[in-house]
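Asks: Hey, dropping coords.pdb in here, PDB, N, CA and C atoms:
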ATOM      1  N   MET X  20     -10.344   1.349   8.932
ATOM      2  CA  MET X  20      -9.809   2.569   8.371
ATOM      3  C   MET X  20      -8.960   2.227   7.153
ATOM      4  N   LEU X  21      -8.985   3.108   6.180
ATOM      5  CA  LEU X  21      -8.162   2.981   4.982
ATOM      6  C   LEU X  21      -7.011   3.969   5.085
ATOM      7  N   HIS X  22      -5.788   3.459   4.965
ATOM      8  CA  HIS X  22      -4.586   4.289   4.959
ATOM      9  C   HIS X  22      -4.061   4.328   3.522
ATOM     10  N   ILE X  23      -3.831   5.524   3.013
ATOM     11  CA  ILE X  23      -3.352   5.703   1.644
ATOM     12  C   ILE X  23      -1.964   6.329   1.705
ATOM     13  N   VAL X  24      -0.994   5.630   1.116
ATOM     14  CA  VAL X  24       0.394   6.108   1.118
ATOM     15  C   VAL X  24       0.819   6.327  -0.328
ATOM     16  N   ASN X  25       1.428   7.496  -0.593
ATOM     17  CA  ASN X  25       1.815   7.790  -1.974
ATOM     18  C   ASN X  25       3.317   7.973  -2.189
ATOM     19  N   ARG X  26       4.118   7.933  -1.139
ATOM     20  CA  ARG X  26       5.560   8.133  -1.285
ATOM     21  C   ARG X  26       6.317   6.836  -1.034
ATOM     22  N   SER X  27       7.403   6.688  -1.714
ATOM     23  CA  SER X  27       8.263   5.525  -1.530
ATOM     24  C   SER X  27       8.843   5.506  -0.124
ATOM     25  N   HIS X  28       9.025   4.313   0.394
ATOM     26  CA  HIS X  28       9.656   4.159   1.710
ATOM     27  C   HIS X  28      11.091   4.681   1.706
ATOM     28  N   ALA X  29      11.681   4.812   0.525
ATOM     29  CA  ALA X  29      13.039   5.338   0.404
ATOM     30  C   ALA X  29      13.049   6.871   0.387
ATOM     31  N   GLN X  30      11.887   7.497   0.172
ATOM     32  CA  GLN X  30      11.794   8.956   0.104
ATOM     33  C   GLN X  30      11.451   9.593   1.447
ATOM     34  N   THR X  31      10.517   8.973   2.159
ATOM     35  CA  THR X  31      10.032   9.544   3.416
ATOM     36  C   THR X  31       9.797   8.428   4.431
ATOM     37  N   THR X  32       9.451   8.822   5.624
ATOM     38  CA  THR X  32       9.115   7.841   6.658
ATOM     39  C   THR X  32       7.603   7.666   6.787
ATOM     40  N   SER X  33       6.848   8.154   5.843
ATOM     41  CA  SER X  33       5.387   8.076   5.908
ATOM     42  C   SER X  33       4.889   6.638   6.025
ATOM     43  N   LEU X  34       5.433   5.731   5.243
ATOM     44  CA  LEU X  34       4.990   4.344   5.292
ATOM     45  C   LEU X  34       5.296   3.727   6.654
ATOM     46  N   GLN X  35       6.470   3.985   7.186
ATOM     47  CA  GLN X  35       6.815   3.431   8.488
ATOM     48  C   GLN X  35       5.900   3.984   9.577
ATOM     49  N   SER X  36       5.587   5.271   9.513
ATOM     50  CA  SER X  36       4.659   5.871  10.474
ATOM     51  C   SER X  36       3.277   5.259  10.343
ATOM     52  N   CYS X  37       2.839   5.079   9.126
ATOM     53  CA  CYS X  37       1.543   4.460   8.876
ATOM     54  C   CYS X  37       1.486   3.062   9.473
ATOM     55  N   LEU X  38       2.484   2.257   9.189
ATOM     56  CA  LEU X  38       2.498   0.879   9.683
ATOM     57  C   LEU X  38       2.583   0.818  11.205
ATOM     58  N   ARG X  39       3.255   1.767  11.797
ATOM     59  CA  ARG X  39       3.376   1.799  13.258
ATOM     60  C   ARG X  39       2.046   2.162  13.920
ATOM     61  N   LEU X  40       1.275   3.043  13.295
ATOM     62  CA  LEU X  40       0.056   3.564  13.914
ATOM     63  C   LEU X  40      -1.228   2.877  13.460
ATOM     64  N   ALA X  41      -1.192   2.179  12.349
ATOM     65  CA  ALA X  41      -2.411   1.534  11.830
ATOM     66  C   ALA X  41      -2.844   0.399  12.746
ATOM     67  N   GLN X  42      -4.113   0.375  13.054
ATOM     68  CA  GLN X  42      -4.645  -0.694  13.885
ATOM     69  C   GLN X  42      -4.762  -1.966  13.063
ATOM     70  N   GLU X  43      -4.632  -3.093  13.744
ATOM     71  CA  GLU X  43      -4.738  -4.382  13.059
ATOM     72  C   GLU X  43      -6.073  -4.467  12.340
ATOM     73  N   GLY X  44      -6.038  -4.982  11.133
ATOM     74  CA  GLY X  44      -7.245  -5.125  10.335
ATOM     75  C   GLY X  44      -7.535  -3.934   9.433
ATOM     76  N   SER X  45      -6.736  -2.887   9.542
ATOM     77  CA  SER X  45      -6.903  -1.738   8.661
ATOM     78  C   SER X  45      -6.509  -2.116   7.242
ATOM     79  N   ALA X  46      -6.981  -1.337   6.300
ATOM     80  CA  ALA X  46      -6.589  -1.527   4.906
ATOM     81  C   ALA X  46      -5.526  -0.492   4.556
ATOM     82  N   LEU X  47      -4.585  -0.896   3.722
ATOM     83  CA  LEU X  47      -3.488  -0.026   3.308
ATOM     84  C   LEU X  47      -3.435  -0.026   1.786
ATOM     85  N   LEU X  48      -3.513   1.161   1.202
ATOM     86  CA  LEU X  48      -3.439   1.297  -0.248
ATOM     87  C   LEU X  48      -2.177   2.063  -0.611
ATOM     88  N   LEU X  49      -1.333   1.428  -1.413
ATOM     89  CA  LEU X  49      -0.107   2.053  -1.897
ATOM     90  C   LEU X  49      -0.359   2.590  -3.296
ATOM     91  N   ILE X  50      -0.112   3.885  -3.476
ATOM     92  CA  ILE X  50      -0.290   4.520  -4.774
ATOM     93  C   ILE X  50       0.995   5.245  -5.158
ATOM     94  N   GLU X  51       1.059   5.688  -6.394
ATOM     95  CA  GLU X  51       2.204   6.431  -6.913
ATOM     96  C   GLU X  51       3.506   5.700  -6.580
ATOM     97  N   ASP X  52       4.520   6.386  -6.047
ATOM     98  CA  ASP X  52       5.811   5.749  -5.783
ATOM     99  C   ASP X  52       5.792   4.769  -4.619
ATOM    100  N   ALA X  53       4.752   4.787  -3.810
ATOM    101  CA  ALA X  53       4.666   3.849  -2.686
ATOM    102  C   ALA X  53       4.527   2.405  -3.157
ATOM    103  N   VAL X  54       4.138   2.176  -4.410
ATOM    104  CA  VAL X  54       3.990   0.802  -4.900
ATOM    105  C   VAL X  54       5.317   0.049  -4.882
ATOM    106  N   TYR X  55       6.422   0.767  -4.930
ATOM    107  CA  TYR X  55       7.729   0.101  -4.870
ATOM    108  C   TYR X  55       7.894  -0.708  -3.585
ATOM    109  N   ALA X  56       7.272  -0.270  -2.508
ATOM    110  CA  ALA X  56       7.405  -0.943  -1.213
ATOM    111  C   ALA X  56       6.840  -2.353  -1.221
ATOM    112  N   ALA X  57       5.945  -2.645  -2.153
ATOM    113  CA  ALA X  57       5.299  -3.959  -2.205
ATOM    114  C   ALA X  57       6.001  -4.940  -3.137
ATOM    115  N   THR X  58       7.160  -4.565  -3.654
ATOM    116  CA  THR X  58       7.898  -5.469  -4.538
ATOM    117  C   THR X  58       8.742  -6.438  -3.719
ATOM    118  N   ALA X  59       9.091  -7.535  -4.339
ATOM    119  CA  ALA X  59       9.902  -8.550  -3.661
ATOM    120  C   ALA X  59      11.232  -7.966  -3.189
ATOM    121  N   ALA X  60      11.790  -7.050  -3.940
ATOM    122  CA  ALA X  60      13.082  -6.468  -3.585
ATOM    123  C   ALA X  60      13.006  -5.528  -2.384
ATOM    124  N   ALA X  61      11.847  -4.942  -2.124
ATOM    125  CA  ALA X  61      11.743  -3.921  -1.076
ATOM    126  C   ALA X  61      10.822  -4.288   0.076
ATOM    127  N   ALA X  62      10.091  -5.377  -0.028
ATOM    128  CA  ALA X  62       9.045  -5.683   0.958
ATOM    129  C   ALA X  62       9.567  -5.851   2.376
ATOM    130  N   GLN X  63      10.731  -6.455   2.549
ATOM    131  CA  GLN X  63      11.287  -6.625   3.889
ATOM    132  C   GLN X  63      11.705  -5.270   4.471
ATOM    133  N   ALA X  64      12.461  -4.514   3.720
ATOM    134  CA  ALA X  64      12.964  -3.230   4.203
ATOM    135  C   ALA X  64      11.839  -2.228   4.444
ATOM    136  N   SER X  65      10.810  -2.271   3.634
ATOM    137  CA  SER X  65       9.721  -1.309   3.760
ATOM    138  C   SER X  65       8.732  -1.665   4.863
ATOM    139  N   GLY X  66       8.723  -2.917   5.277
ATOM    140  CA  GLY X  66       7.779  -3.356   6.295
ATOM    141  C   GLY X  66       6.518  -3.978   5.739
ATOM    142  N   ILE X  67       6.352  -3.971   4.440
ATOM    143  CA  ILE X  67       5.138  -4.517   3.824
ATOM    144  C   ILE X  67       5.077  -6.035   3.984
ATOM    145  N   ALA X  68       6.205  -6.712   3.963
ATOM    146  CA  ALA X  68       6.197  -8.174   4.111
ATOM    147  C   ALA X  68       5.530  -8.578   5.418
ATOM    148  N   ALA X  69       5.799  -7.868   6.481
ATOM    149  CA  ALA X  69       5.174  -8.163   7.776
ATOM    150  C   ALA X  69       3.754  -7.616   7.836
ATOM    151  N   ALA X  70       3.503  -6.529   7.146
ATOM    152  CA  ALA X  70       2.193  -5.877   7.209
ATOM    153  C   ALA X  70       1.075  -6.717   6.603
ATOM    154  N   VAL X  71       1.389  -7.547   5.623
ATOM    155  CA  VAL X  71       0.328  -8.331   4.981
ATOM    156  C   VAL X  71      -0.313  -9.328   5.940
ATOM    157  N   ALA X  72       0.342  -9.633   7.037
ATOM    158  CA  ALA X  72      -0.235 -10.534   8.041
ATOM    159  C   ALA X  72      -1.240  -9.807   8.938
ATOM    160  N   ARG X  73      -1.127  -8.485   9.033
ATOM    161  CA  ARG X  73      -1.978  -7.707   9.939
ATOM    162  C   ARG X  73      -2.991  -6.823   9.229
ATOM    163  N   HIS X  74      -2.748  -6.551   7.952
ATOM    164  CA  HIS X  74      -3.577  -5.602   7.212
ATOM    165  C   HIS X  74      -3.909  -6.150   5.829
ATOM    166  N   LYS X  75      -4.973  -5.632   5.259
ATOM    167  CA  LYS X  75      -5.239  -5.878   3.843
ATOM    168  C   LYS X  75      -4.429  -4.837   3.083
ATOM    169  N   VAL X  76      -3.523  -5.304   2.229
ATOM    170  CA  VAL X  76      -2.623  -4.400   1.515
ATOM    171  C   VAL X  76      -2.972  -4.425   0.027
ATOM    172  N   TYR X  77      -3.150  -3.230  -0.522
ATOM    173  CA  TYR X  77      -3.505  -3.063  -1.929
ATOM    174  C   TYR X  77      -2.500  -2.139  -2.598
ATOM    175  N   VAL X  78      -2.330  -2.312  -3.904
ATOM    176  CA  VAL X  78      -1.585  -1.341  -4.710
ATOM    177  C   VAL X  78      -2.478  -0.928  -5.871
ATOM    178  N   LEU X  79      -2.325   0.296  -6.304
ATOM    179  CA  LEU X  79      -3.075   0.780  -7.456
ATOM    180  C   LEU X  79      -2.379   0.263  -8.716
ATOM    181  N   GLN X  80      -3.053  -0.617  -9.413
ATOM    182  CA  GLN X  80      -2.470  -1.302 -10.573
ATOM    183  C   GLN X  80      -1.924  -0.344 -11.632
ATOM    184  N   PRO X  81      -2.638   0.732 -12.010
ATOM    185  CA  PRO X  81      -2.058   1.633 -13.013
ATOM    186  C   PRO X  81      -0.724   2.239 -12.574
ATOM    187  N   ASP X  82      -0.577   2.509 -11.277
ATOM    188  CA  ASP X  82       0.700   3.042 -10.789
ATOM    189  C   ASP X  82       1.789   1.974 -10.805
ATOM    190  N   ALA X  83       1.433   0.740 -10.448
ATOM    191  CA  ALA X  83       2.403  -0.359 -10.511
ATOM    192  C   ALA X  83       2.825  -0.614 -11.956
ATOM    193  N   ALA X  84       1.878  -0.565 -12.870
ATOM    194  CA  ALA X  84       2.194  -0.787 -14.285
ATOM    195  C   ALA X  84       3.084   0.337 -14.832
ATOM    196  N   ALA X  85       2.795   1.564 -14.447
ATOM    197  CA  ALA X  85       3.592   2.707 -14.920
ATOM    198  C   ALA X  85       5.040   2.630 -14.433
ATOM    199  N   ARG X  86       5.255   1.944 -13.316
ATOM    200  CA  ARG X  86       6.590   1.810 -12.752
ATOM    201  C   ARG X  86       7.204   0.437 -13.031
ATOM    202  N   ALA X  87       6.519  -0.340 -13.862
ATOM    203  CA  ALA X  87       6.995  -1.663 -14.303
ATOM    204  C   ALA X  87       7.267  -2.613 -13.145
ATOM    205  N   VAL X  88       6.399  -2.606 -12.128
ATOM    206  CA  VAL X  88       6.588  -3.501 -10.988
ATOM    207  C   VAL X  88       5.404  -4.452 -10.781
ATOM    208  N   SER X  89       4.452  -4.456 -11.674
ATOM    209  CA  SER X  89       3.256  -5.296 -11.512
ATOM    210  C   SER X  89       3.584  -6.766 -11.316
ATOM    211  N   SER X  90       4.572  -7.255 -12.019
ATOM    212  CA  SER X  90       4.923  -8.678 -11.927
ATOM    213  C   SER X  90       5.826  -8.996 -10.742
ATOM    214  N   ARG X  91       6.233  -7.986  -9.994
ATOM    215  CA  ARG X  91       7.164  -8.203  -8.883
ATOM    216  C   ARG X  91       6.540  -7.977  -7.509
ATOM    217  N   LEU X  92       5.217  -7.909  -7.440
ATOM    218  CA  LEU X  92       4.546  -7.693  -6.158
ATOM    219  C   LEU X  92       4.594  -8.968  -5.328
ATOM    220  N   ILE X  93       4.710  -8.821  -4.023
ATOM    221  CA  ILE X  93       4.775  -9.991  -3.149
ATOM    222  C   ILE X  93       3.387 -10.597  -2.957
ATOM    223  N   ASP X  94       3.357 -11.846  -2.524
ATOM    224  CA  ASP X  94       2.103 -12.512  -2.204
ATOM    225  C   ASP X  94       1.438 -11.780  -1.051
ATOM    226  N   GLY X  95       0.125 -11.712  -1.106
ATOM    227  CA  GLY X  95      -0.631 -11.045  -0.057
ATOM    228  C   GLY X  95      -0.992  -9.612  -0.389
ATOM    229  N   VAL X  96      -0.436  -9.097  -1.473
ATOM    230  CA  VAL X  96      -0.750  -7.743  -1.926
ATOM    231  C   VAL X  96      -1.705  -7.862  -3.108
ATOM    232  N   THR X  97      -2.790  -7.104  -3.057
ATOM    233  CA  THR X  97      -3.808  -7.150  -4.096
ATOM    234  C   THR X  97      -3.728  -5.900  -4.957
ATOM    235  N   ALA X  98      -3.636  -6.089  -6.258
ATOM    236  CA  ALA X  98      -3.642  -4.964  -7.192
ATOM    237  C   ALA X  98      -5.086  -4.627  -7.546
ATOM    238  N   ILE X  99      -5.403  -3.332  -7.507
ATOM    239  CA  ILE X  99      -6.758  -2.882  -7.835
ATOM    240  C   ILE X  99      -6.698  -1.767  -8.867
ATOM    241  N   ASP X 100      -7.797  -1.602  -9.584
ATOM    242  CA  ASP X 100      -7.890  -0.528 -10.556
ATOM    243  C   ASP X 100      -8.566   0.685  -9.897
ATOM    244  N   TYR X 101      -8.865   1.723 -10.696
ATOM    245  CA  TYR X 101      -9.466   2.928 -10.128
ATOM    246  C   TYR X 101     -10.844   2.658  -9.541
ATOM    247  N   ALA X 102     -11.607   1.768 -10.161
ATOM    248  CA  ALA X 102     -12.919   1.413  -9.610
ATOM    249  C   ALA X 102     -12.755   0.733  -8.247
ATOM    250  N   GLY X 103     -11.727  -0.082  -8.117
ATOM    251  CA  GLY X 103     -11.436  -0.714  -6.836
ATOM    252  C   GLY X 103     -11.028   0.307  -5.788
ATOM    253  N   PHE X 104     -10.326   1.350  -6.205
ATOM    254  CA  PHE X 104      -9.948   2.445  -5.316
ATOM    255  C   PHE X 104     -11.212   3.109  -4.765
ATOM    256  N   VAL X 105     -12.145   3.398  -5.656
ATOM    257  CA  VAL X 105     -13.411   4.013  -5.243
ATOM    258  C   VAL X 105     -14.159   3.086  -4.286
ATOM    259  N   ASP X 106     -14.171   1.792  -4.589
ATOM    260  CA  ASP X 106     -14.836   0.827  -3.704
ATOM    261  C   ASP X 106     -14.214   0.817  -2.315
ATOM    262  N   LEU X 107     -12.873   0.873  -2.246
ATOM    263  CA  LEU X 107     -12.195   0.900  -0.942
ATOM    264  C   LEU X 107     -12.582   2.137  -0.135
ATOM    265  N   VAL X 108     -12.630   3.281  -0.791
ATOM    266  CA  VAL X 108     -12.998   4.521  -0.104
ATOM    267  C   VAL X 108     -14.447   4.436   0.384
ATOM    268  N   ALA X 109     -15.327   3.880  -0.433
ATOM    269  CA  ALA X 109     -16.725   3.734  -0.030
ATOM    270  C   ALA X 109     -16.878   2.740   1.123
ATOM    271  N   GLU X 110     -16.071   1.704   1.118
ATOM    272  CA  GLU X 110     -16.118   0.674   2.156
ATOM    273  C   GLU X 110     -15.557   1.174   3.487
ATOM    274  N   HIS X 111     -14.618   2.113   3.424
ATOM    275  CA  HIS X 111     -13.968   2.642   4.627
ATOM    276  C   HIS X 111     -14.283   4.140   4.746
ATOM    277  N   PRO X 112     -15.315   4.498   5.481
ATOM    278  CA  PRO X 112     -15.683   5.927   5.577
ATOM    279  C   PRO X 112     -14.589   6.766   6.223
ATOM    280  N   ASN X 113     -13.709   6.144   7.008
ATOM    281  CA  ASN X 113     -12.572   6.884   7.589
ATOM    282  C   ASN X 113     -11.314   6.504   6.833
ATOM    283  N   ASN X 114     -10.594   7.536   6.389
ATOM    284  CA  ASN X 114      -9.325   7.258   5.719
ATOM    285  C   ASN X 114      -8.291   8.294   6.107
ATOM    286  N   GLN X 115      -7.053   7.894   5.970
ATOM    287  CA  GLN X 115      -5.908   8.755   6.302
ATOM    288  C   GLN X 115      -4.940   8.698   5.140
ATOM    289  N   THR X 116      -4.606   9.857   4.615
ATOM    290  CA  THR X 116      -3.599   9.924   3.565
ATOM    291  C   THR X 116      -2.277  10.343   4.186
ATOM    292  N   TRP X 117      -1.256   9.555   3.898
ATOM    293  CA  TRP X 117       0.087   9.793   4.441
ATOM    294  C   TRP X 117       0.941  10.424   3.360
ATOM    295  N   LEU X 118       1.336  11.654   3.551
ATOM    296  CA  LEU X 118       2.121  12.385   2.559
ATOM    297  C   LEU X 118       3.588  12.361   2.893
TER     298      LEU X 118
END
Written as structure tokens, how would this file's structure read?
Replies:
Amino acid sequence: MLHIVNRSHAQTTSLQSCLRLAQEGSALLLIEDAVYAATAAAAQASGIAAAVARHKVYVLQPDAAARAVSSRLIDGVTAIDYAGFVDLVAEHPNNQTWL
């Protein structure tokens, strides 16, 4: 399953709910303000640091670039472009968007 999160961990509890309910091996895509959770400064508090061991974690590169965090992503997080986003959706017929 592909889980898509668009809000910062500082704004809502959506990311924490996602991480609690996602089955091991699921893919997690952080978009919009959720990309902040994958930075070195926030990865521990957001839960992403631990999540990379259980899930494939991606961030949408244009959103990371727009927020000037592309160079601060933690190891284990993969940045993808819009074509990669489409590929993830095609690869995972079931997806959940966390608002």
Asks: Where does DSSP see alpha helix (DSSP H) in chain X, if you list the residues as JSON, numbers by chain?
Replies: {"X": [33, 34, 35, 36, 37, 38, 39, 40, 62, 63, 64, 65, 67, 68, 69, 70, 80, 81, 82, 83, 84, 85, 101, 102, 103, 104, 105, 106, 107, 108, 109, 110]}
Asks: Please, which residues are within 9 Å of (13.2, -4.2, -8.5) by the file's coordinates, counting only C-alpha atoms, and could they come as a ChimeraX atom specification?
Replies: /X:55,58-61,87-88,91
Asks: Hey, which of X:Gln35, X:Asn25, X:Ser65, X:Ser89 ends up closest to Leu118 in chain X? Count all atoms listed in the file.
Replies: X:Asn25
Asks: Please return as number ranges by chain: the residues of chain X that backbone DSSP assigns to strand (DSSP E or B).
Replies: X: 21-24, 46-49, 58, 75-79, 92, 96-99, 114-117
Asks: Please compute the atom N of Leu48 in chain X-CA of Leu107 in chain X distance, one decimal, in Å.
Replies: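 Separating atom N of Leu48 in chain X from CA of Leu107 in chain X is a distance of 8.9 Å.
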Asks: Could you tell me which of X:Leu47, X:Ala53, X:Val108, X:Ala69 comes closest to Arg86 in chain X if we count only C-alpha atoms?
Replies: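 Using only C-alpha atoms, Arg86 in chain X sits closest to X:Ala53.
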Asks: To one decimal place in Å, what is the distance between atom C of Gln80 in chain X and CA of Leu21 in chain X?
Replies: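 Result for atom C of Gln80 in chain X versus CA of Leu21 in chain X: 18.1 Å, one decimal.
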Asks: State, in Å with one decimal place, the distance from atom C of His28 in chain X to atom N of Tyr101 in chain X.
Replies: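 Atom-to-atom, atom C of His28 in chain X and atom N of Tyr101 in chain X are spaced 23.7 Å apart.
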Asks: Which residue out of X:Glu43, X:Ser27, X:Ala102, X:Thr116 has the minimum interatomic distance to Ala72 in chain X when all atoms listed in the file are used?
Replies: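 Going through X:Glu43, X:Ser27, X:Ala102, X:Thr116 one by one, the smallest distance to Ala72 in chain X is for X:Glu43.
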Asks: Counting only N, CA and C atoms, what is within 6.5 Å of Val78 in chain X, bar same-chain residues fewer than 4 positions away, as an MDAnalysis selection string?
Replies: chainID X and resid 47:50 54 83 96:99
Asks: Where does the PyMOL selection byres ((chain X and resi 113) around 5) land in this file, that is, which residues does it pick, as a list in words?
Replies: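 Applied to this file, the PyMOL selection byres ((chain X and resi 113) around 5) selects Met20, Leu21, His111, Pro112, Asn114 and Gln115 of chain X.
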Asks: Point out the residue among X:Ile23, X:Ile67, X:Cys37, X:Ala57 with the least atom-to-atom distance to Ser90 in chain X, counting only C-alpha atoms.
Replies: X:Ala57
Asks: Between X:Ile93, X:Ala85, X:Ala46, X:Val76, which one has atoms that come closest to Gln63 in chain X, using only C-alpha atoms?
Replies: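 So, comparing all the options, the nearest one is X:Ile93.
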Asks: Rank X:Ala109, X:Thr31, X:Asp94, X:Glu51 by their smallest atom-to-atom distance to Asp82 in chain X, using all atoms listed in the file, and report the top residue only.
Replies: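 Smallest separation from Asp82 in chain X among the options: X:Glu51.
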